[in-house]
file upload16.cif (mmCIF, C-alpha atoms)
data_query
#
loop_
_atom_site.group_PDB
_atom_site.id
_atom_site.type_symbol
_atom_site.label_atom_id
_atom_site.label_comp_id
_atom_site.auth_asym_id
_atom_site.auth_seq_id
_atom_site.Cartn_x
_atom_site.Cartn_y
_atom_site.Cartn_z
ATOM 1 C CA GLN A 81 17.317 -21.137 1.723
ATOM 2 C CA VAL A 82 16.769 -17.442 1.018
ATOM 3 C CA PHE A 83 14.818 -18.235 -2.156
ATOM 4 C CA THR A 84 12.613 -20.849 -0.470
ATOM 5 C CA ALA A 85 11.963 -18.791 2.658
ATOM 6 C CA GLU A 86 10.932 -15.656 0.778
ATOM 7 C CA LEU A 87 8.749 -17.524 -1.702
ATOM 8 C CA LEU A 88 6.918 -19.034 1.261
ATOM 9 C CA ASN A 89 6.508 -15.562 2.781
ATOM 10 C CA LEU A 90 5.265 -14.184 -0.523
ATOM 11 C CA HIS A 91 2.647 -16.905 -0.947
ATOM 12 C CA ARG A 92 1.598 -16.627 2.691
ATOM 13 C CA GLY A 93 1.018 -12.896 2.290
ATOM 14 C CA GLN A 94 -0.768 -13.275 -1.031
ATOM 15 C CA GLY A 95 -2.952 -16.027 0.395
ATOM 16 C CA GLN A 96 -3.912 -13.913 3.395
ATOM 17 C CA ASP A 97 -4.861 -11.037 1.105
ATOM 18 C CA ILE A 98 -7.092 -13.346 -0.969
ATOM 19 C CA VAL A 99 -8.765 -14.857 2.125
ATOM 20 C CA TRP A 100 -9.684 -11.419 3.468
ATOM 21 C CA ARG A 101 -11.172 -10.464 0.098
ATOM 22 C CA ASP A 102 -13.086 -13.692 -0.535
ATOM 23 C CA GLU A 103 -14.410 -14.020 3.019
ATOM 24 C CA ASN A 104 -15.223 -10.295 3.364
ATOM 25 C CA THR A 105 -13.047 -10.081 6.459
ATOM 26 C CA CYS A 106 -11.545 -6.703 7.295
ATOM 27 C CA PRO A 107 -8.070 -6.913 8.846
ATOM 28 C CA THR A 108 -6.621 -4.344 11.212
ATOM 29 C CA LEU A 109 -4.064 -1.923 9.813
ATOM 30 C CA SER A 110 -1.351 -3.779 11.757
ATOM 31 C CA GLN A 111 -2.439 -7.084 10.226
ATOM 32 C CA TYR A 112 -2.465 -5.468 6.794
ATOM 33 C CA GLU A 113 1.070 -4.132 7.203
ATOM 34 C CA ALA A 114 2.243 -7.568 8.374
ATOM 35 C CA MET A 115 0.696 -9.084 5.241
ATOM 36 C CA VAL A 116 2.470 -6.495 3.073
ATOM 37 C CA LEU A 117 5.792 -7.378 4.693
ATOM 38 C CA ASP A 118 5.189 -10.991 3.656
ATOM 39 C CA LYS A 119 3.824 -10.347 0.151
ATOM 40 C CA THR A 120 5.606 -7.243 -1.144
ATOM 41 C CA GLY A 121 8.441 -7.441 1.363
ATOM 42 C CA GLY A 122 9.159 -11.018 0.267
ATOM 43 C CA LEU A 123 10.102 -9.854 -3.230
ATOM 44 C CA PHE A 124 12.305 -7.066 -1.913
ATOM 45 C CA ARG A 125 14.045 -9.319 0.619
ATOM 46 C CA LEU A 126 14.509 -12.028 -2.005
ATOM 47 C CA ALA A 127 16.366 -9.673 -4.336
ATOM 48 C CA VAL A 128 18.570 -8.243 -1.594
ATOM 49 C CA GLY A 129 19.060 -11.625 0.105
ATOM 50 C CA LEU A 130 20.274 -13.284 -3.082
ATOM 51 C CA MET A 131 22.731 -10.469 -3.725
ATOM 52 C CA GLU A 132 24.019 -10.789 -0.171
ATOM 53 C CA GLU A 133 24.360 -14.565 -0.524
ATOM 54 C CA PHE A 134 26.527 -14.255 -3.617
ATOM 55 C CA LYS A 135 28.522 -11.156 -2.760
ATOM 56 C CA GLN A 136 32.137 -11.451 -1.763
ATOM 57 C CA ASN A 137 32.562 -11.031 1.959
ATOM 58 C CA ASP A 138 35.456 -8.655 2.519
ATOM 59 C CA GLU A 139 34.890 -8.290 6.220
ATOM 60 C CA GLY A 140 36.511 -11.501 7.362
ATOM 61 C CA THR A 141 33.426 -12.990 9.009
ATOM 62 C CA GLU A 142 30.588 -15.210 7.881
ATOM 63 C CA GLU A 143 28.089 -12.622 9.006
ATOM 64 C CA GLY A 144 29.705 -9.573 7.375
ATOM 65 C CA LYS A 145 27.102 -6.977 6.543
ATOM 66 C CA LYS A 146 24.423 -9.561 5.922
ATOM 67 C CA GLY A 147 21.030 -8.307 6.945
ATOM 68 C CA ARG A 148 22.061 -4.664 7.255
ATOM 69 C CA PHE A 149 19.529 -3.688 4.581
ATOM 70 C CA GLY A 150 16.607 -5.457 6.281
ATOM 71 C CA GLU A 151 15.022 -2.341 7.781
ATOM 72 C CA LEU A 152 15.337 -0.372 4.541
ATOM 73 C CA VAL A 153 13.878 -3.190 2.477
ATOM 74 C CA GLU A 154 10.819 -3.500 4.712
ATOM 75 C CA LEU A 155 10.243 0.261 4.758
ATOM 76 C CA LEU A 156 10.389 0.285 0.955
ATOM 77 C CA ALA A 157 7.917 -2.596 0.742
ATOM 78 C CA LEU A 158 5.416 -0.825 2.999
ATOM 79 C CA TYR A 159 5.847 2.454 1.142
ATOM 80 C CA PHE A 160 5.384 0.950 -2.316
ATOM 81 C CA GLN A 161 2.218 -0.942 -1.328
ATOM 82 C CA ILE A 162 0.527 1.806 0.688
ATOM 83 C CA ARG A 163 1.450 4.362 -1.974
ATOM 84 C CA ASP A 164 -0.144 2.078 -4.567
ATOM 85 C CA ASP A 165 -3.268 1.757 -2.387
ATOM 86 C CA LEU A 166 -3.623 5.534 -2.241
ATOM 87 C CA ILE A 167 -3.061 6.097 -5.952
ATOM 88 C CA ASN A 168 -5.472 3.296 -6.894
ATOM 89 C CA LEU A 169 -8.379 5.098 -5.214
ATOM 90 C CA ALA A 170 -7.357 8.740 -5.362
ATOM 91 C CA SER A 171 -5.355 9.517 -8.503
ATOM 92 C CA GLU A 172 -7.190 11.044 -11.456
ATOM 93 C CA ASP A 173 -4.226 10.186 -13.719
ATOM 94 C CA TYR A 174 -4.421 6.550 -12.625
ATOM 95 C CA PHE A 175 -8.149 6.440 -13.383
ATOM 96 C CA LYS A 176 -7.485 7.600 -16.959
ATOM 97 C CA GLU A 177 -4.804 4.970 -17.566
ATOM 98 C CA LYS A 178 -6.025 1.939 -15.585
ATOM 99 C CA GLY A 179 -9.581 2.163 -14.320
ATOM 100 C CA PHE A 180 -11.779 3.798 -11.693
ATOM 101 C CA CYS A 181 -11.350 2.630 -8.062
ATOM 102 C CA GLU A 182 -10.168 -0.868 -9.010
ATOM 103 C CA ASP A 183 -9.648 -1.944 -5.392
ATOM 104 C CA LEU A 184 -13.316 -1.264 -4.628
ATOM 105 C CA VAL A 185 -14.404 -3.094 -7.788
ATOM 106 C CA GLU A 186 -12.304 -6.135 -6.792
ATOM 107 C CA GLY A 187 -13.467 -6.086 -3.172
ATOM 108 C CA LYS A 188 -9.931 -5.651 -1.860
ATOM 109 C CA TYR A 189 -9.094 -4.481 1.647
ATOM 110 C CA SER A 190 -6.483 -1.814 1.024
ATOM 111 C CA TYR A 191 -5.057 0.736 3.466
ATOM 112 C CA PRO A 192 -7.586 3.592 2.988
ATOM 113 C CA ILE A 193 -10.479 1.123 2.789
ATOM 114 C CA ILE A 194 -9.501 -0.516 6.088
ATOM 115 C CA HIS A 195 -9.270 2.911 7.711
ATOM 116 C CA CYS A 196 -12.735 3.873 6.427
ATOM 117 C CA LEU A 197 -14.211 0.592 7.663
ATOM 118 C CA ASN A 198 -13.416 1.804 11.171
ATOM 119 C CA THR A 199 -15.418 5.024 10.807
ATOM 120 C CA PRO A 200 -19.153 5.896 10.827
ATOM 121 C CA SER A 201 -19.252 5.369 7.031
ATOM 122 C CA LYS A 202 -18.160 1.740 7.334
ATOM 123 C CA ASP A 203 -21.499 0.197 6.300
ATOM 124 C CA ILE A 204 -21.633 2.173 3.053
ATOM 125 C CA VAL A 205 -18.135 1.155 2.002
ATOM 126 C CA ARG A 206 -18.602 -2.459 3.137
ATOM 127 C CA ASN A 207 -21.759 -2.767 1.015
ATOM 128 C CA VAL A 208 -19.928 -1.458 -2.051
ATOM 129 C CA LEU A 209 -17.064 -3.893 -1.466
ATOM 130 C CA LYS A 210 -19.464 -6.832 -1.281
ATOM 131 C CA ARG A 211 -21.219 -5.840 -4.493
ATOM 132 C CA ARG A 212 -18.025 -5.797 -6.616
ATOM 133 C CA THR A 213 -19.824 -3.198 -8.710
ATOM 134 C CA THR A 214 -18.478 -1.289 -11.689
ATOM 135 C CA ASP A 215 -21.177 1.387 -11.356
ATOM 136 C CA ARG A 216 -19.132 4.595 -11.399
ATOM 137 C CA GLU A 217 -21.725 6.571 -9.432
ATOM 138 C CA VAL A 218 -21.733 4.035 -6.589
ATOM 139 C CA LEU A 219 -17.935 3.810 -6.593
ATOM 140 C CA ALA A 220 -17.622 7.594 -6.588
ATOM 141 C CA TYR A 221 -19.919 7.822 -3.580
ATOM 142 C CA ALA A 222 -17.915 5.231 -1.625
ATOM 143 C CA ARG A 223 -14.751 7.109 -2.558
ATOM 144 C CA SER A 224 -16.352 10.319 -1.356
ATOM 145 C CA MET A 225 -17.073 8.697 2.004
ATOM 146 C CA MET A 226 -13.394 7.769 2.325
ATOM 147 C CA LEU A 227 -12.535 11.388 1.650
ATOM 148 C CA LYS A 228 -15.089 12.581 4.202
ATOM 149 C CA GLU A 229 -13.746 10.239 6.898
ATOM 150 C CA GLY A 230 -10.143 11.301 6.325
ATOM 151 C CA SER A 231 -9.043 7.920 4.955
ATOM 152 C CA PHE A 232 -7.043 9.432 2.106
ATOM 153 C CA ARG A 233 -5.434 11.951 4.440
ATOM 154 C CA PHE A 234 -4.584 9.147 6.865
ATOM 155 C CA THR A 235 -3.000 7.087 4.072
ATOM 156 C CA TYR A 236 -1.175 10.126 2.714
ATOM 157 C CA ASN A 237 0.284 10.801 6.162
ATOM 158 C CA ARG A 238 1.452 7.178 6.458
ATOM 159 C CA CYS A 239 3.204 7.499 3.091
ATOM 160 C CA ASP A 240 4.868 10.691 4.324
ATOM 161 C CA GLU A 241 6.080 8.928 7.486
ATOM 162 C CA LEU A 242 7.445 5.979 5.539
ATOM 163 C CA LYS A 243 9.183 8.205 2.999
ATOM 164 C CA ALA A 244 10.938 10.134 5.777
ATOM 165 C CA SER A 245 11.993 6.860 7.438
ATOM 166 C CA ILE A 246 13.345 5.528 4.135
ATOM 167 C CA VAL A 247 15.471 8.629 3.531
ATOM 168 C CA SER A 248 16.753 8.460 7.110
ATOM 169 C CA GLU A 249 17.637 4.769 6.770
ATOM 170 C CA ILE A 250 19.460 5.362 3.483
ATOM 171 C CA ASP A 251 21.491 8.060 5.220
ATOM 172 C CA LYS A 252 22.371 5.657 8.054
ATOM 173 C CA LEU A 253 23.647 3.163 5.491
ATOM 174 C CA GLY A 254 26.017 5.693 3.969
ATOM 175 C CA GLY A 255 23.722 7.539 1.580
ATOM 176 C CA HIS A 256 22.716 6.909 -2.022
ATOM 177 C CA PRO A 257 21.653 9.969 -4.067
ATOM 178 C CA GLY A 258 20.189 7.826 -6.842
ATOM 179 C CA LEU A 259 17.893 5.879 -4.531
ATOM 180 C CA VAL A 260 16.852 9.012 -2.646
ATOM 181 C CA GLY A 261 16.111 10.658 -5.989
ATOM 182 C CA LEU A 262 13.924 7.714 -7.015
ATOM 183 C CA VAL A 263 11.963 7.862 -3.758
ATOM 184 C CA ASP A 264 11.540 11.636 -4.151
ATOM 185 C CA LEU A 265 10.222 11.103 -7.685
ATOM 186 C CA LEU A 266 7.731 8.475 -6.528
ATOM 187 C CA HIS A 267 6.605 10.716 -3.690
ATOM 188 C CA LYS A 268 5.789 13.581 -6.063
ATOM 189 C CA GLN A 269 2.804 11.595 -7.296
ATOM 190 C CA VAL A 270 1.694 11.053 -3.698
ATOM 191 C CA GLN A 271 1.881 14.799 -3.106
ATOM 192 C CA GLN A 272 -0.038 15.470 -6.318
ATOM 193 C CA VAL A 273 -2.752 13.050 -5.248
ATOM 194 C CA GLY A 274 -2.891 14.732 -1.853
ATOM 195 C CA GLU A 275 -3.528 18.102 -3.475
ATOM 196 C CA GLU A 276 -6.193 16.591 -5.750
ATOM 197 C CA VAL A 277 -8.296 14.745 -3.216
ATOM 198 C CA MET A 278 -8.163 17.200 -0.329
ATOM 199 C CA ASN A 279 -10.026 19.748 -2.452
ATOM 200 C CA LYS A 280 -12.756 17.367 -3.614
ATOM 201 C CA PRO A 281 -16.333 18.024 -2.426
ATOM 202 C CA VAL A 282 -18.192 15.244 -0.630
ATOM 203 C CA LEU A 283 -20.959 13.774 -2.810
ATOM 204 C CA GLU A 284 -24.593 13.702 -1.780
ATOM 205 C CA ARG A 285 -25.912 10.381 -0.546
ATOM 206 C CA ILE A 286 -27.060 7.776 -3.075
ATOM 207 C CA ASP A 287 -28.439 4.255 -2.626
ATOM 208 C CA SER A 288 -25.382 2.005 -2.156
ATOM 209 C CA THR A 289 -27.106 -0.964 -0.556
#

call {"tool": "encode", "arguments": {"input": "upload16.cif", "output": "structure tokens"}}
result
Amino acid sequence: QVFTAELLNLHRGQGQDIVWRDENTCPTLSQYEAMVLDKTGGLFRLAVGLMEEFKQNDEGTEEGKKGRFGELVELLALYFQIRDDLINLASEDYFKEKGFCEDLVEGKYSYPIIHCLNTPSKDIVRNVLKRRTTDREVLAYARSMMLKEGSFRFTYNRCDELKASIVSEIDKLGGHPGLVGLVDLLHKQVQQVGEEVMNKPVLERIDST
């Protein structure tokens, strides 16, 4: 049941993500986070759920501690996805290893893009999304508009909030230095990206239509 339920959630979330991209429909940030809890959260819950199904219950009840990790798992899913969204569009190291602004090239509605599509620069970014262009100058300008509108700062702050909530939840569950250390390590890249992009100048306007 756990396996089937979470695979359904995963495919539902993935399908919603694809529909938004292919139909050029911008979700709200709340809708996006709900999709992430289905898509990315499904994988996390599947792993934890299967372990809980097969663990020995030493607490004398059918329920035991089942489900106690639900909040932590969902916080981790949101953090991993939104962190990835930020790095995809803002990390110079990522650009060297993977590619420049891949989410814009693919026409994806990620966290900073959704934020920017609710600002005065929305038409510029929407036009770039529709074009699916690989033109670095056009992509750089759209990225600059996200910087100007505070979309990277907004996403960075959400990552900060989620990281703090994760550490707090781990503490509530009895603590785990190894897991906290892993989250701290992952967050160092977020902090590095924050330092990089906040000091970037805004580019002059180019034709992005």

call {"tool": "resolve_selection", "arguments": {"input": "upload16.cif", "expression": "the PyMOL selection byres ((chain A and resi 214) around 10)", "output": "PyMOL selection string"}}
result
chain A and resi 179-182+184-186+208+211-213+215-219

call {"tool": "resolve_selection", "arguments": {"input": "upload16.cif", "expression": "the PyMOL selection byres ((chain A and resi 267-273) around 12)", "output": "number ranges by chain"}}
result
A: 159-160, 162-175, 232-233, 235-244, 246-247, 260-266, 274-280

call {"tool": "closest_atom_pairs", "arguments": {"input": "upload16.cif", "of": "stretch 154-273 of chain A", "to": "stretch 94-102 of chain A", "cutoff": "9 Å", "atoms": "all atoms listed in the file", "output": "JSON lines"}}
result
{"residue": "A:Glu186", "atom": "CA", "partner": "A:Arg101", "partner_atom": "CA", "distance": 8.2}
{"residue": "A:Gly187", "atom": "CA", "partner": "A:Arg101", "partner_atom": "CA", "distance": 5.9}
{"residue": "A:Lys188", "atom": "CA", "partner": "A:Arg101", "partner_atom": "CA", "distance": 5.3}
{"residue": "A:Tyr189", "atom": "CA", "partner": "A:Arg101", "partner_atom": "CA", "distance": 6.5}
{"residue": "A:Leu209", "atom": "CA", "partner": "A:Arg101", "partner_atom": "CA", "distance": 9.0}

call {"tool": "resolve_selection", "arguments": {"input": "upload16.cif", "expression": "the PyMOL selection byres ((chain A and resi 107) around 10)", "output": "JSON, numbers by chain"}}
result
{"A": [96, 97, 100, 101, 104, 105, 106, 108, 109, 110, 111, 112, 113, 115, 189, 190, 191, 194, 195, 197]}

call {"tool": "closest_residue", "arguments": {"input": "upload16.cif", "among": "A:Ile204, A:Leu117, A:Leu152, A:Glu229", "to": "A:Ser248", "atoms": "only C-alpha atoms"}}
result
A:Leu152

call {"tool": "atom_distance", "arguments": {"input": "upload16.cif", "atom1": "atom CA of A:Gly150", "atom2": "atom CA of A:Leu88"}}
result
17.4 Å

call {"tool": "atom_distance", "arguments": {"input": "upload16.cif", "atom1": "atom CA of A:Gly255", "atom2": "atom CA of A:Gly121"}}
result
21.4 Å

call {"tool": "axis_aligned_box", "arguments": {"input": "upload16.cif", "around": "stretch 116-126 of chain A", "padding_each_side": "4 Å", "output": "JSON"}}
result
{"center_x": 8.5, "center_y": -9.3, "center_z": 0.7, "size_x": 20.0, "size_y": 13.5, "size_z": 15.9}

call {"tool": "atom_distance", "arguments": {"input": "upload16.cif", "atom1": "atom CA of A:Gly93", "atom2": "atom CA of A:Glu177"}}
result
27.3 Å

call {"tool": "closest_residue", "arguments": {"input": "upload16.cif", "among": "A:Arg206, A:Gly129, A:Arg148, A:Met226", "to": "A:Gly254", "atoms": "all atoms listed in the file"}}
result
A:Arg148

call {"tool": "closest_residue", "arguments": {"input": "upload16.cif", "among": "A:Lys119, A:Thr84, A:Val205, A:Ala127", "to": "A:Ala220", "atoms": "all atoms listed in the file"}}
result
A:Val205

call {"tool": "residues_around", "arguments": {"input": "upload16.cif", "residues": "A:Leu126", "least_positions_apart": "6", "cutoff": "8 Å", "atoms": "all atoms listed in the file", "output": "count of residues only"}}
result
4

call {"tool": "closest_residue", "arguments": {"input": "upload16.cif", "among": "A:Asp118, A:Lys210, A:Asp183, A:Gly230", "to": "A:Cys196", "atoms": "only C-alpha atoms"}}
result
A:Gly230
